[in-house]
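Data file: coords.pdb. Format and content: PDB, C-alpha atoms and all ligand atoms.
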```
ATOM      1  CA  MET C   1       0.000   0.000   0.000  1.00  0.00           C
ATOM      2  CA  ILE C   2       1.070   3.545  -0.792  1.00  0.00           C
ATOM      3  CA  TYR C   3       0.156   6.179   1.793  1.00  0.00           C
ATOM      4  CA  ALA C   4       0.516   9.699   0.424  1.00  0.00           C
ATOM      5  CA  ALA C   5      -0.051  12.822   2.540  1.00  0.00           C
ATOM      6  CA  ASN C   6      -1.094  15.987   0.753  1.00  0.00           C
ATOM      7  CA  LEU C   7      -0.387  18.746   3.276  1.00  0.00           C
ATOM      8  CA  LYS C   8      -1.691  21.371   0.807  1.00  0.00           C
ATOM      9  CA  CYS C   9      -1.235  24.943   2.106  1.00  0.00           C
ATOM     10  CA  ASN C  10      -0.728  23.804   5.714  1.00  0.00           C
ATOM     11  CA  HIS C  11       2.309  23.694   8.007  1.00  0.00           C
ATOM     12  CA  THR C  12       5.066  26.206   8.566  1.00  0.00           C
ATOM     13  CA  LYS C  13       8.735  25.273   8.377  1.00  0.00           C
ATOM     14  CA  LYS C  14       8.736  24.818  12.156  1.00  0.00           C
ATOM     15  CA  SER C  15       5.516  22.805  12.446  1.00  0.00           C
ATOM     16  CA  TYR C  16       6.547  20.589   9.510  1.00  0.00           C
ATOM     17  CA  ALA C  17       9.919  19.907  11.156  1.00  0.00           C
ATOM     18  CA  ASP C  18       8.018  18.550  14.188  1.00  0.00           C
ATOM     19  CA  TYR C  19       5.562  16.690  11.947  1.00  0.00           C
ATOM     20  CA  ALA C  20       8.289  15.066   9.869  1.00  0.00           C
ATOM     21  CA  LYS C  21      10.288  14.002  12.920  1.00  0.00           C
ATOM     22  CA  LYS C  22       7.243  12.453  14.575  1.00  0.00           C
ATOM     23  CA  LEU C  23       6.114  10.693  11.402  1.00  0.00           C
ATOM     24  CA  SER C  24       9.586   9.432  10.581  1.00  0.00           C
ATOM     25  CA  ASN C  25      10.137   8.102  14.102  1.00  0.00           C
ATOM     26  CA  GLY C  26       6.764   6.373  13.959  1.00  0.00           C
ATOM     27  CA  LEU C  27       7.648   4.480  10.795  1.00  0.00           C
ATOM     28  CA  SER C  28       9.630   1.422  11.753  1.00  0.00           C
ATOM     29  CA  GLN C  29      11.987   1.459   8.801  1.00  0.00           C
ATOM     30  CA  ASN C  30      12.598   3.425   5.655  1.00  0.00           C
ATOM     31  CA  SER C  31       9.406   2.925   3.753  1.00  0.00           C
ATOM     32  CA  ASN C  32       9.088   4.046   0.163  1.00  0.00           C
ATOM     33  CA  SER C  33       5.377   3.483   0.426  1.00  0.00           C
ATOM     34  CA  VAL C  34       4.885   6.630   2.520  1.00  0.00           C
ATOM     35  CA  ILE C  35       5.112   9.910   0.618  1.00  0.00           C
ATOM     36  CA  VAL C  36       4.569  13.372   2.087  1.00  0.00           C
ATOM     37  CA  PHE C  37       3.900  16.474   0.000  1.00  0.00           C
ATOM     38  CA  PRO C  38       4.683  19.493   2.224  1.00  0.00           C
ATOM     39  CA  PRO C  39       4.434  23.133   1.155  1.00  0.00           C
ATOM     40  CA  PHE C  40       7.630  24.294  -0.592  1.00  0.00           C
ATOM     41  CA  THR C  41       8.679  26.624   2.219  1.00  0.00           C
ATOM     42  CA  ALA C  42       8.697  23.701   4.664  1.00  0.00           C
ATOM     43  CA  LEU C  43      10.742  21.228   2.562  1.00  0.00           C
ATOM     44  CA  SER C  44      13.531  19.704   4.619  1.00  0.00           C
ATOM     45  CA  GLU C  45      17.017  18.562   3.670  1.00  0.00           C
ATOM     46  CA  ASP C  46      16.975  16.000   6.512  1.00  0.00           C
ATOM     47  CA  LYS C  47      16.642  12.280   5.801  1.00  0.00           C
ATOM     48  CA  PHE C  48      13.377  10.658   6.854  1.00  0.00           C
ATOM     49  CA  ASN C  49      11.778   7.223   6.790  1.00  0.00           C
ATOM     50  CA  PHE C  50       9.403   8.525   4.143  1.00  0.00           C
ATOM     51  CA  THR C  51       9.743  10.154   0.741  1.00  0.00           C
ATOM     52  CA  GLN C  52       9.227  13.894   0.321  1.00  0.00           C
ATOM     53  CA  GLY C  53       7.416  14.957  -2.819  1.00  0.00           C
ATOM     54  CA  ALA C  54       6.520  18.233  -4.526  1.00  0.00           C
ATOM     55  CA  GLN C  55       2.884  19.375  -4.645  1.00  0.00           C
ATOM     56  CA  ASN C  56       3.710  21.389  -7.739  1.00  0.00           C
ATOM     57  CA  PHE C  57       6.541  22.509 -10.051  1.00  0.00           C
ATOM     58  CA  TYR C  58       7.046  24.497 -13.225  1.00  0.00           C
ATOM     59  CA  PRO C  59       8.140  22.437 -16.255  1.00  0.00           C
ATOM     60  CA  ALA C  60      11.573  24.026 -16.621  1.00  0.00           C
ATOM     61  CA  GLN C  61      14.934  23.828 -14.916  1.00  0.00           C
ATOM     62  CA  ASN C  62      14.875  27.538 -14.025  1.00  0.00           C
ATOM     63  CA  GLY C  63      14.154  30.837 -15.762  1.00  0.00           C
ATOM     64  CA  SER C  64      11.925  33.894 -15.790  1.00  0.00           C
ATOM     65  CA  TYR C  65       8.850  32.267 -14.270  1.00  0.00           C
ATOM     66  CA  THR C  66       7.872  34.538 -11.420  1.00  0.00           C
ATOM     67  CA  GLY C  67       6.583  32.663  -8.413  1.00  0.00           C
ATOM     68  CA  GLU C  68       7.364  29.223  -9.804  1.00  0.00           C
ATOM     69  CA  ILE C  69       9.690  26.401  -8.704  1.00  0.00           C
ATOM     70  CA  GLY C  70      11.820  24.645 -11.335  1.00  0.00           C
ATOM     71  CA  SER C  71      13.581  21.302 -11.296  1.00  0.00           C
ATOM     72  CA  GLN C  72      16.853  22.900 -10.156  1.00  0.00           C
ATOM     73  CA  MET C  73      15.190  23.917  -6.879  1.00  0.00           C
ATOM     74  CA  LEU C  74      13.630  20.481  -6.389  1.00  0.00           C
ATOM     75  CA  GLU C  75      16.977  18.805  -7.002  1.00  0.00           C
ATOM     76  CA  GLU C  76      18.445  20.703  -4.038  1.00  0.00           C
ATOM     77  CA  PHE C  77      16.055  18.711  -1.864  1.00  0.00           C
ATOM     78  CA  GLU C  78      16.556  15.497  -3.853  1.00  0.00           C
ATOM     79  CA  ILE C  79      12.874  15.537  -4.802  1.00  0.00           C
ATOM     80  CA  THR C  80      12.054  12.956  -7.471  1.00  0.00           C
ATOM     81  CA  THR C  81       8.356  12.499  -6.712  1.00  0.00           C
ATOM     82  CA  VAL C  82       5.819  15.023  -7.974  1.00  0.00           C
ATOM     83  CA  MET C  83       2.076  15.485  -7.934  1.00  0.00           C
ATOM     84  CA  ILE C  84       0.396  16.647 -11.134  1.00  0.00           C
ATOM     85  CA  GLY C  85      -3.245  17.428 -11.894  1.00  0.00           C
ATOM     86  CA  HIS C  86      -4.673  17.869  -8.413  1.00  0.00           C
ATOM     87  CA  SER C  87      -8.187  19.287  -8.728  1.00  0.00           C
ATOM     88  CA  GLU C  88      -7.243  22.292  -6.598  1.00  0.00           C
ATOM     89  CA  ARG C  89      -4.536  23.213  -9.119  1.00  0.00           C
ATOM     90  CA  ARG C  90      -6.830  22.518 -12.068  1.00  0.00           C
ATOM     91  CA  ALA C  91      -9.313  24.914 -10.402  1.00  0.00           C
ATOM     92  CA  LEU C  92      -6.579  27.575 -10.390  1.00  0.00           C
ATOM     93  CA  GLY C  93      -6.336  27.323 -14.164  1.00  0.00           C
ATOM     94  CA  GLU C  94      -3.986  24.429 -14.958  1.00  0.00           C
ATOM     95  CA  ASP C  95      -5.496  23.137 -18.187  1.00  0.00           C
ATOM     96  CA  GLU C  96      -4.828  19.928 -20.128  1.00  0.00           C
ATOM     97  CA  PRO C  97      -2.036  21.362 -22.357  1.00  0.00           C
ATOM     98  CA  PHE C  98      -0.209  22.720 -19.298  1.00  0.00           C
ATOM     99  CA  LEU C  99      -0.693  19.443 -17.399  1.00  0.00           C
ATOM    100  CA  LYS C 100       0.699  17.604 -20.414  1.00  0.00           C
ATOM    101  CA  ALA C 101       3.747  19.901 -20.426  1.00  0.00           C
ATOM    102  CA  LYS C 102       4.293  19.169 -16.744  1.00  0.00           C
ATOM    103  CA  PHE C 103       3.800  15.439 -17.292  1.00  0.00           C
ATOM    104  CA  ASP C 104       6.224  15.320 -20.236  1.00  0.00           C
ATOM    105  CA  TYR C 105       8.810  17.322 -18.296  1.00  0.00           C
ATOM    106  CA  ALA C 106       8.528  14.978 -15.292  1.00  0.00           C
ATOM    107  CA  VAL C 107       8.888  11.987 -17.643  1.00  0.00           C
ATOM    108  CA  SER C 108      12.030  13.540 -19.167  1.00  0.00           C
ATOM    109  CA  LYS C 109      13.431  13.694 -15.620  1.00  0.00           C
ATOM    110  CA  GLY C 110      12.389  10.122 -14.845  1.00  0.00           C
ATOM    111  CA  TRP C 111      10.448  11.351 -11.797  1.00  0.00           C
ATOM    112  CA  ASP C 112       7.782   9.360  -9.994  1.00  0.00           C
ATOM    113  CA  ILE C 113       4.469  10.970 -10.885  1.00  0.00           C
ATOM    114  CA  ILE C 114       1.248  10.892  -8.902  1.00  0.00           C
ATOM    115  CA  TYR C 115      -1.231  12.027 -11.521  1.00  0.00           C
ATOM    116  CA  CYS C 116      -4.588  13.109 -10.101  1.00  0.00           C
ATOM    117  CA  ILE C 117      -7.889  12.806 -11.906  1.00  0.00           C
ATOM    118  CA  GLY C 118     -11.462  13.164 -10.747  1.00  0.00           C
ATOM    119  CA  GLU C 119     -14.870  14.500 -11.670  1.00  0.00           C
ATOM    120  CA  ASP C 120     -17.028  17.216 -10.118  1.00  0.00           C
ATOM    121  CA  ASP C 121     -20.447  16.587  -8.603  1.00  0.00           C
ATOM    122  CA  ILE C 122     -22.412  17.561 -11.736  1.00  0.00           C
ATOM    123  CA  THR C 123     -20.479  15.070 -13.868  1.00  0.00           C
ATOM    124  CA  HIS C 124     -20.987  12.486 -11.151  1.00  0.00           C
ATOM    125  CA  MET C 125     -24.747  13.130 -10.971  1.00  0.00           C
ATOM    126  CA  ASN C 126     -24.969  12.951 -14.777  1.00  0.00           C
ATOM    127  CA  GLY C 127     -23.457   9.491 -14.666  1.00  0.00           C
ATOM    128  CA  SER C 128     -20.667  10.521 -17.034  1.00  0.00           C
ATOM    129  CA  THR C 129     -17.727   9.947 -14.692  1.00  0.00           C
ATOM    130  CA  LYS C 130     -16.059   7.298 -16.868  1.00  0.00           C
ATOM    131  CA  GLU C 131     -16.177   9.399 -20.047  1.00  0.00           C
ATOM    132  CA  PHE C 132     -14.803  12.353 -18.103  1.00  0.00           C
ATOM    133  CA  LEU C 133     -11.938  10.332 -16.619  1.00  0.00           C
ATOM    134  CA  SER C 134     -11.159   8.798 -20.024  1.00  0.00           C
ATOM    135  CA  ASP C 135     -10.695  12.306 -21.424  1.00  0.00           C
ATOM    136  CA  GLN C 136      -8.408  13.286 -18.545  1.00  0.00           C
ATOM    137  CA  LEU C 137      -6.331  10.128 -19.013  1.00  0.00           C
ATOM    138  CA  ALA C 138      -6.075  10.643 -22.774  1.00  0.00           C
ATOM    139  CA  ASN C 139      -3.735  13.555 -22.008  1.00  0.00           C
ATOM    140  CA  ILE C 140      -0.883  11.418 -20.663  1.00  0.00           C
ATOM    141  CA  ASP C 141       1.215   8.370 -21.524  1.00  0.00           C
ATOM    142  CA  LEU C 142      -0.383   5.630 -19.442  1.00  0.00           C
ATOM    143  CA  ASN C 143       2.562   3.335 -20.124  1.00  0.00           C
ATOM    144  CA  TYR C 144       5.044   5.556 -18.271  1.00  0.00           C
ATOM    145  CA  GLU C 145       6.788   3.204 -15.860  1.00  0.00           C
ATOM    146  CA  ASN C 146       6.929   5.577 -12.877  1.00  0.00           C
ATOM    147  CA  LEU C 147       3.281   6.565 -13.003  1.00  0.00           C
ATOM    148  CA  VAL C 148       0.777   6.293 -10.163  1.00  0.00           C
ATOM    149  CA  ILE C 149      -2.780   7.463 -10.786  1.00  0.00           C
ATOM    150  CA  ALA C 150      -4.827   8.987  -7.973  1.00  0.00           C
ATOM    151  CA  TYR C 151      -8.587   8.951  -8.463  1.00  0.00           C
ATOM    152  CA  GLU C 152     -10.023  11.780  -6.386  1.00  0.00           C
ATOM    153  CA  PRO C 153     -13.680  12.671  -6.948  1.00  0.00           C
ATOM    154  CA  ILE C 154     -13.867  16.423  -6.321  1.00  0.00           C
ATOM    155  CA  TRP C 155     -17.212  16.040  -4.558  1.00  0.00           C
ATOM    156  CA  ALA C 156     -15.592  13.855  -1.890  1.00  0.00           C
ATOM    157  CA  ILE C 157     -12.502  15.984  -1.221  1.00  0.00           C
ATOM    158  CA  GLY C 158     -12.464  17.763   2.126  1.00  0.00           C
ATOM    159  CA  THR C 159     -16.075  16.871   2.921  1.00  0.00           C
ATOM    160  CA  GLY C 160     -15.533  14.146   5.500  1.00  0.00           C
ATOM    161  CA  ASN C 161     -17.569  11.827   3.267  1.00  0.00           C
ATOM    162  CA  SER C 162     -15.585   9.558   0.969  1.00  0.00           C
ATOM    163  CA  ALA C 163     -17.145   7.998  -2.116  1.00  0.00           C
ATOM    164  CA  LYS C 164     -18.907   4.673  -1.457  1.00  0.00           C
ATOM    165  CA  VAL C 165     -16.774   1.550  -1.656  1.00  0.00           C
ATOM    166  CA  GLU C 166     -18.868   0.121  -4.526  1.00  0.00           C
ATOM    167  CA  PHE C 167     -18.381   3.282  -6.554  1.00  0.00           C
ATOM    168  CA  ILE C 168     -14.627   3.467  -5.867  1.00  0.00           C
ATOM    169  CA  THR C 169     -14.347  -0.210  -6.850  1.00  0.00           C
ATOM    170  CA  GLU C 170     -16.194   0.369 -10.121  1.00  0.00           C
ATOM    171  CA  ILE C 171     -14.069   3.372 -11.046  1.00  0.00           C
ATOM    172  CA  LEU C 172     -10.707   1.872 -10.057  1.00  0.00           C
ATOM    173  CA  ASP C 173     -11.587  -1.288 -12.017  1.00  0.00           C
ATOM    174  CA  PHE C 174     -12.407   0.934 -14.980  1.00  0.00           C
ATOM    175  CA  ILE C 175      -9.061   2.767 -14.737  1.00  0.00           C
ATOM    176  CA  SER C 176      -7.144  -0.488 -14.309  1.00  0.00           C
ATOM    177  CA  SER C 177      -8.733  -1.774 -17.522  1.00  0.00           C
ATOM    178  CA  LYS C 178      -6.851   1.052 -19.277  1.00  0.00           C
ATOM    179  CA  CYS C 179      -3.416   0.779 -17.673  1.00  0.00           C
ATOM    180  CA  SER C 180      -1.299  -1.128 -15.215  1.00  0.00           C
ATOM    181  CA  ALA C 181      -0.191   1.858 -13.097  1.00  0.00           C
ATOM    182  CA  PRO C 182      -0.781   1.525  -9.336  1.00  0.00           C
ATOM    183  CA  LEU C 183      -4.034   3.264  -8.358  1.00  0.00           C
ATOM    184  CA  LEU C 184      -4.739   5.444  -5.340  1.00  0.00           C
ATOM    185  CA  TYR C 185      -8.067   6.651  -4.016  1.00  0.00           C
ATOM    186  CA  GLY C 186      -8.330  10.111  -2.459  1.00  0.00           C
ATOM    187  CA  GLY C 187     -11.247  12.083  -1.045  1.00  0.00           C
ATOM    188  CA  SER C 188     -11.938  12.145   2.713  1.00  0.00           C
ATOM    189  CA  VAL C 189      -9.880   9.074   3.535  1.00  0.00           C
ATOM    190  CA  ASN C 190      -9.661   8.813   7.329  1.00  0.00           C
ATOM    191  CA  ILE C 191      -9.275   6.384  10.203  1.00  0.00           C
ATOM    192  CA  THR C 192     -12.911   5.251   9.997  1.00  0.00           C
ATOM    193  CA  ASN C 193     -12.922   4.308   6.298  1.00  0.00           C
ATOM    194  CA  ILE C 194      -9.318   3.219   5.631  1.00  0.00           C
ATOM    195  CA  ASP C 195     -10.069  -0.468   6.262  1.00  0.00           C
ATOM    196  CA  GLU C 196     -12.835  -0.721   3.675  1.00  0.00           C
ATOM    197  CA  ILE C 197     -10.945   1.385   1.106  1.00  0.00           C
ATOM    198  CA  LYS C 198      -7.762  -0.644   1.586  1.00  0.00           C
ATOM    199  CA  ALA C 199      -9.752  -3.836   1.022  1.00  0.00           C
ATOM    200  CA  ILE C 200     -10.715  -2.790  -2.531  1.00  0.00           C
ATOM    201  CA  LYS C 201      -8.890  -5.162  -4.852  1.00  0.00           C
ATOM    202  CA  SER C 202      -7.678  -2.624  -7.411  1.00  0.00           C
ATOM    203  CA  CYS C 203      -6.724  -0.033  -4.771  1.00  0.00           C
ATOM    204  CA  ASP C 204      -2.957   0.204  -4.255  1.00  0.00           C
ATOM    205  CA  GLY C 205      -2.999   3.080  -1.823  1.00  0.00           C
ATOM    206  CA  VAL C 206      -4.541   6.324  -0.649  1.00  0.00           C
ATOM    207  CA  LEU C 207      -3.919  10.038  -1.080  1.00  0.00           C
ATOM    208  CA  VAL C 208      -4.895  11.677   2.189  1.00  0.00           C
ATOM    209  CA  GLY C 209      -5.475  15.396   2.748  1.00  0.00           C
ATOM    210  CA  THR C 210      -7.163  16.581   5.941  1.00  0.00           C
ATOM    211  CA  ALA C 211      -6.543  13.392   7.934  1.00  0.00           C
ATOM    212  CA  SER C 212      -2.811  13.546   7.181  1.00  0.00           C
ATOM    213  CA  TRP C 213      -2.115  17.011   8.556  1.00  0.00           C
ATOM    214  CA  ASP C 214      -1.594  15.665  12.063  1.00  0.00           C
ATOM    215  CA  ALA C 215       1.327  13.218  12.145  1.00  0.00           C
ATOM    216  CA  ASP C 216      -0.273  11.017  14.827  1.00  0.00           C
ATOM    217  CA  LYS C 217      -3.511  10.727  12.844  1.00  0.00           C
ATOM    218  CA  PHE C 218      -1.654   9.911   9.629  1.00  0.00           C
ATOM    219  CA  LEU C 219       0.451   7.309  11.454  1.00  0.00           C
ATOM    220  CA  GLU C 220      -2.734   5.714  12.804  1.00  0.00           C
ATOM    221  CA  ILE C 221      -4.026   5.376   9.234  1.00  0.00           C
ATOM    222  CA  ILE C 222      -0.737   3.890   8.018  1.00  0.00           C
ATOM    223  CA  LYS C 223      -0.534   1.470  10.931  1.00  0.00           C
ATOM    224  CA  LYS C 224      -4.010   0.141  10.244  1.00  0.00           C
ATOM    225  CA  GLY C 225      -2.582  -0.928   6.907  1.00  0.00           C
TER
HETATM  226  P1  LIG Q   1      -9.061  15.191   1.750  1.00  0.00           P
HETATM  227  O1  LIG Q   1      -8.121  15.705   0.580  1.00  0.00           O
HETATM  228  O2  LIG Q   1      -8.451  13.920   2.314  1.00  0.00           O
HETATM  229  O3  LIG Q   1      -9.080  16.312   2.762  1.00  0.00           O
HETATM  230  O4  LIG Q   1     -10.404  14.938   1.160  1.00  0.00           O
HETATM  231  C1  LIG Q   1      -7.600  14.812  -0.371  1.00  0.00           C
HETATM  232  C2  LIG Q   1      -6.871  15.549  -1.442  1.00  0.00           C
HETATM  233  O5  LIG Q   1      -7.299  16.651  -1.833  1.00  0.00           O
HETATM  234  O6  LIG Q   1      -5.849  15.059  -1.955  1.00  0.00           O
END
```
Would you mind giving the structure from this file in structure tokens?
Amino acid sequence: MIYAANLKCNHTKKSYADYAKKLSNGLSQNSNSVIVFPPFTALSEDKFNFTQGAQNFYPAQNGSYTGEIGSQMLEEFEITTVMIGHSERRALGEDEPFLKAKFDYAVSKGWDIIYCIGEDDITHMNGSTKEFLSDQLANIDLNYENLVIAYEPIWAIGTGNSAKVEFITEILDFISSKCSAPLLYGGSVNITNIDEIKAIKSCDGVLVGTASWDADKFLEIIKKG
């Protein structure tokens, strides 16, 4: 199982230092299956029993890209795991051509990619989730060897209510019929639903937001695994 923590725009440098120490100490040995995505300002150069990833990056080494972070900056922290396509970044204007540019750049670097897809509530209510996801997946090379796909229905993110197990099963089975990349589910994963989500056959892990922001809570979720 892969346990990924999306800290989003939470944690200062100081609070993340405490978080990372606690989480790392709580993991018995170096475990590549735990990935934490802290905010850029909190990234640490210390070694931990988990992998640090980047929530975002600009598809260039460096240059005149005000406010952006290029691969040269990520390399300083030995970051080789990146998230692309999170719905909160899509909502800020990252469109399919830009996501493709980021994907292709990450592939050129050989980075591990967690590529996020997911539909909004209207698409879900319309019953057109699969068509929508197919379009999102058509943008990337599904045969890339270091690809992990995270299915995160937007209507379940940050609500406290995850999608139903039957629905997650149906959608992950659908995605796995298209590619052999490991699949994560994200959207209000927490200590009360981790067991049933983990039990889904085509689920290889979880992408956790809110319930990962406290190191003890995230450790509890991992340890149930
Ligand atoms: P959530 O966030 O666990 O708070 O729903 C998940 C995510 O946005 O990746």
Applied to this file, what does the PyMOL selection byres (((not hetatm)) within 9 of (chain Q and resi 1)) return in terms of residues, put as a count of residues only?
-> 33
Could you tell me how far CA of Gly127 (chain C) lies from CA of Ile171 (chain C), in Å and to one decimal?
->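 Going from CA of Gly127 (chain C) over to CA of Ile171 (chain C), I get 11.8 Å.
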Could you state the separation of CA of Leu219 (chain C) and CA of Gly205 (chain C) in Å, given to one decimal place?
->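 According to the coordinates, CA of Leu219 (chain C) and CA of Gly205 (chain C) are separated by 14.4 Å.
Of note, CA of Gly118 (chain C) and CA of Cys179 (chain C) are spaced 16.3 Å apart.
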Test item: which residues lie within 8 Å of (5.4, 22.4, -7.6) counting all atoms listed in the file, as a VMD selection string | chain C and resid 40 54 to 58 68 to 70 82 to 83
Non-local contacts of Asp141 (chain C) (12 Å; only C-alpha atoms; under 2 positions in same chain excluded) as a ChimeraX atom specification | /C:99-101,103-104,106-107,113,115,136-139,143-149,178-181
Answer key for the PyMOL selection byres (((chain C and resi 77) around 10) and not hetatm), residues as a PyMOL selection string | chain C and resi 43-46+52-54+72-76+78-80
Preceding selection exported with C-alpha atoms as an mmCIF file, in the frame of the given file:
```cif
data_model
loop_
_atom_site.group_PDB
_atom_site.id
_atom_site.type_symbol
_atom_site.label_atom_id
_atom_site.label_comp_id
_atom_site.auth_asym_id
_atom_site.auth_seq_id
_atom_site.Cartn_x
_atom_site.Cartn_y
_atom_site.Cartn_z
ATOM 1 C CA LEU C 43 10.742 21.228 2.562
ATOM 2 C CA SER C 44 13.531 19.704 4.619
ATOM 3 C CA GLU C 45 17.017 18.562 3.670
ATOM 4 C CA ASP C 46 16.975 16.000 6.512
ATOM 5 C CA GLN C 52 9.227 13.894 0.321
ATOM 6 C CA GLY C 53 7.416 14.957 -2.819
ATOM 7 C CA ALA C 54 6.520 18.233 -4.526
ATOM 8 C CA GLN C 72 16.853 22.900 -10.156
ATOM 9 C CA MET C 73 15.190 23.917 -6.879
ATOM 10 C CA LEU C 74 13.630 20.481 -6.389
ATOM 11 C CA GLU C 75 16.977 18.805 -7.002
ATOM 12 C CA GLU C 76 18.445 20.703 -4.038
ATOM 13 C CA GLU C 78 16.556 15.497 -3.853
ATOM 14 C CA ILE C 79 12.874 15.537 -4.802
ATOM 15 C CA THR C 80 12.054 12.956 -7.471
#
```
Do you know which residues are at most 12 Å from Ser177 (chain C) counting all atoms listed in the file, after dropping those on the same chain fewer than 5 positions away, and could you put them as JSON, numbers by chain?
-> {"C": [130, 134, 142, 170, 171, 172, 182, 183, 202]}
From the list C:Thr129, C:Gln61, C:Thr123, C:Ser24, which residue is nearest Lys109 (chain C) when using only C-alpha atoms?
->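 Result for the nearest residue to Lys109 (chain C): C:Gln61.
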Distance criterion (only C-alpha atoms): nearest to Ala60 (chain C) out of C:Ser33, C:Ser108, C:Ser28, C:Ser128 |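 Checking each of C:Ser33, C:Ser108, C:Ser28, C:Ser128 against Ala60 (chain C), counting only C-alpha atoms, the winner is C:Ser108.
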Selection dump of the PyMOL selection byres (((chain C and resi 10-13) around 8) and not hetatm), as a list in words | Leu7, Lys8, Cys9, Lys14, Ser15, Tyr16, Ala17, Pro38, Pro39, Thr41, Ala42, Leu43 and Trp213 of chain C
If the box runs along x, y and z of the file and leaves 4 Å on each side of region 121-125 of chain C, what are its centre and edge lengths in Å, one decimal, as JSON?
```
{"center_x": -22.6, "center_y": 15.0, "center_z": -11.2, "size_x": 12.3, "size_y": 13.1, "size_z": 13.3}
```
Which one is closest to Lys198 (chain C): C:Ala20, C:Tyr3, C:Ser71, C:Asp135? Count only C-alpha atoms.
-> C:Tyr3
For Tyr19 (chain C), which residue among C:Ile35, C:Ala215, C:Ile222, C:Ala163 is the nearest when counting all atoms listed in the file?
->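 Of the candidates, the smallest distance to Tyr19 (chain C) is held by C:Ala215.
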Is there a way to complete region 116-121 of chain C with all heavy atoms and then write that out as a CSV table (one decimal), in the coordinates of the input?
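So the final result, stored in rebuild_25.csv, reads:
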```csv
chain,number,residue,atom,x,y,z
C,116,CYS,N,-3.2,13.1,-10.7
C,116,CYS,CA,-4.6,13.1,-10.1
C,116,CYS,C,-5.7,13.4,-11.1
C,116,CYS,O,-5.5,14.3,-12.0
C,116,CYS,CB,-4.7,14.2,-9.0
C,116,CYS,SG,-3.4,14.1,-7.8
C,117,ILE,N,-6.7,12.6,-11.0
C,117,ILE,CA,-7.9,12.8,-11.9
C,117,ILE,C,-9.1,12.7,-11.0
C,117,ILE,O,-9.1,12.2,-9.9
C,117,ILE,CB,-8.0,11.7,-13.0
C,117,ILE,CG1,-8.0,10.3,-12.4
C,117,ILE,CG2,-6.8,11.9,-14.0
C,117,ILE,CD1,-8.3,9.2,-13.5
C,118,GLY,N,-10.2,13.3,-11.5
C,118,GLY,CA,-11.5,13.2,-10.7
C,118,GLY,C,-12.5,14.1,-11.3
C,118,GLY,O,-12.2,15.2,-11.8
C,119,GLU,N,-13.8,13.7,-11.1
C,119,GLU,CA,-14.9,14.5,-11.7
C,119,GLU,C,-15.6,15.4,-10.6
C,119,GLU,O,-15.5,15.0,-9.4
C,119,GLU,CB,-15.9,13.5,-12.3
C,119,GLU,CG,-16.9,12.9,-11.4
C,119,GLU,CD,-16.3,11.8,-10.5
C,119,GLU,OE1,-15.0,11.6,-10.5
C,119,GLU,OE2,-17.0,11.1,-9.9
C,120,ASP,N,-16.3,16.4,-11.1
C,120,ASP,CA,-17.0,17.2,-10.1
C,120,ASP,C,-18.4,16.6,-9.9
C,120,ASP,O,-18.8,15.6,-10.5
C,120,ASP,CB,-17.1,18.7,-10.6
C,120,ASP,CG,-17.9,18.8,-11.9
C,120,ASP,OD1,-18.6,17.8,-12.4
C,120,ASP,OD2,-17.8,19.9,-12.5
C,121,ASP,N,-19.2,17.2,-9.0
C,121,ASP,CA,-20.4,16.6,-8.6
C,121,ASP,C,-21.5,16.5,-9.8
C,121,ASP,O,-22.2,15.6,-9.9
C,121,ASP,CB,-21.0,17.3,-7.4
C,121,ASP,CG,-21.1,18.8,-7.5
C,121,ASP,OD1,-20.5,19.3,-8.5
C,121,ASP,OD2,-21.7,19.4,-6.6
```
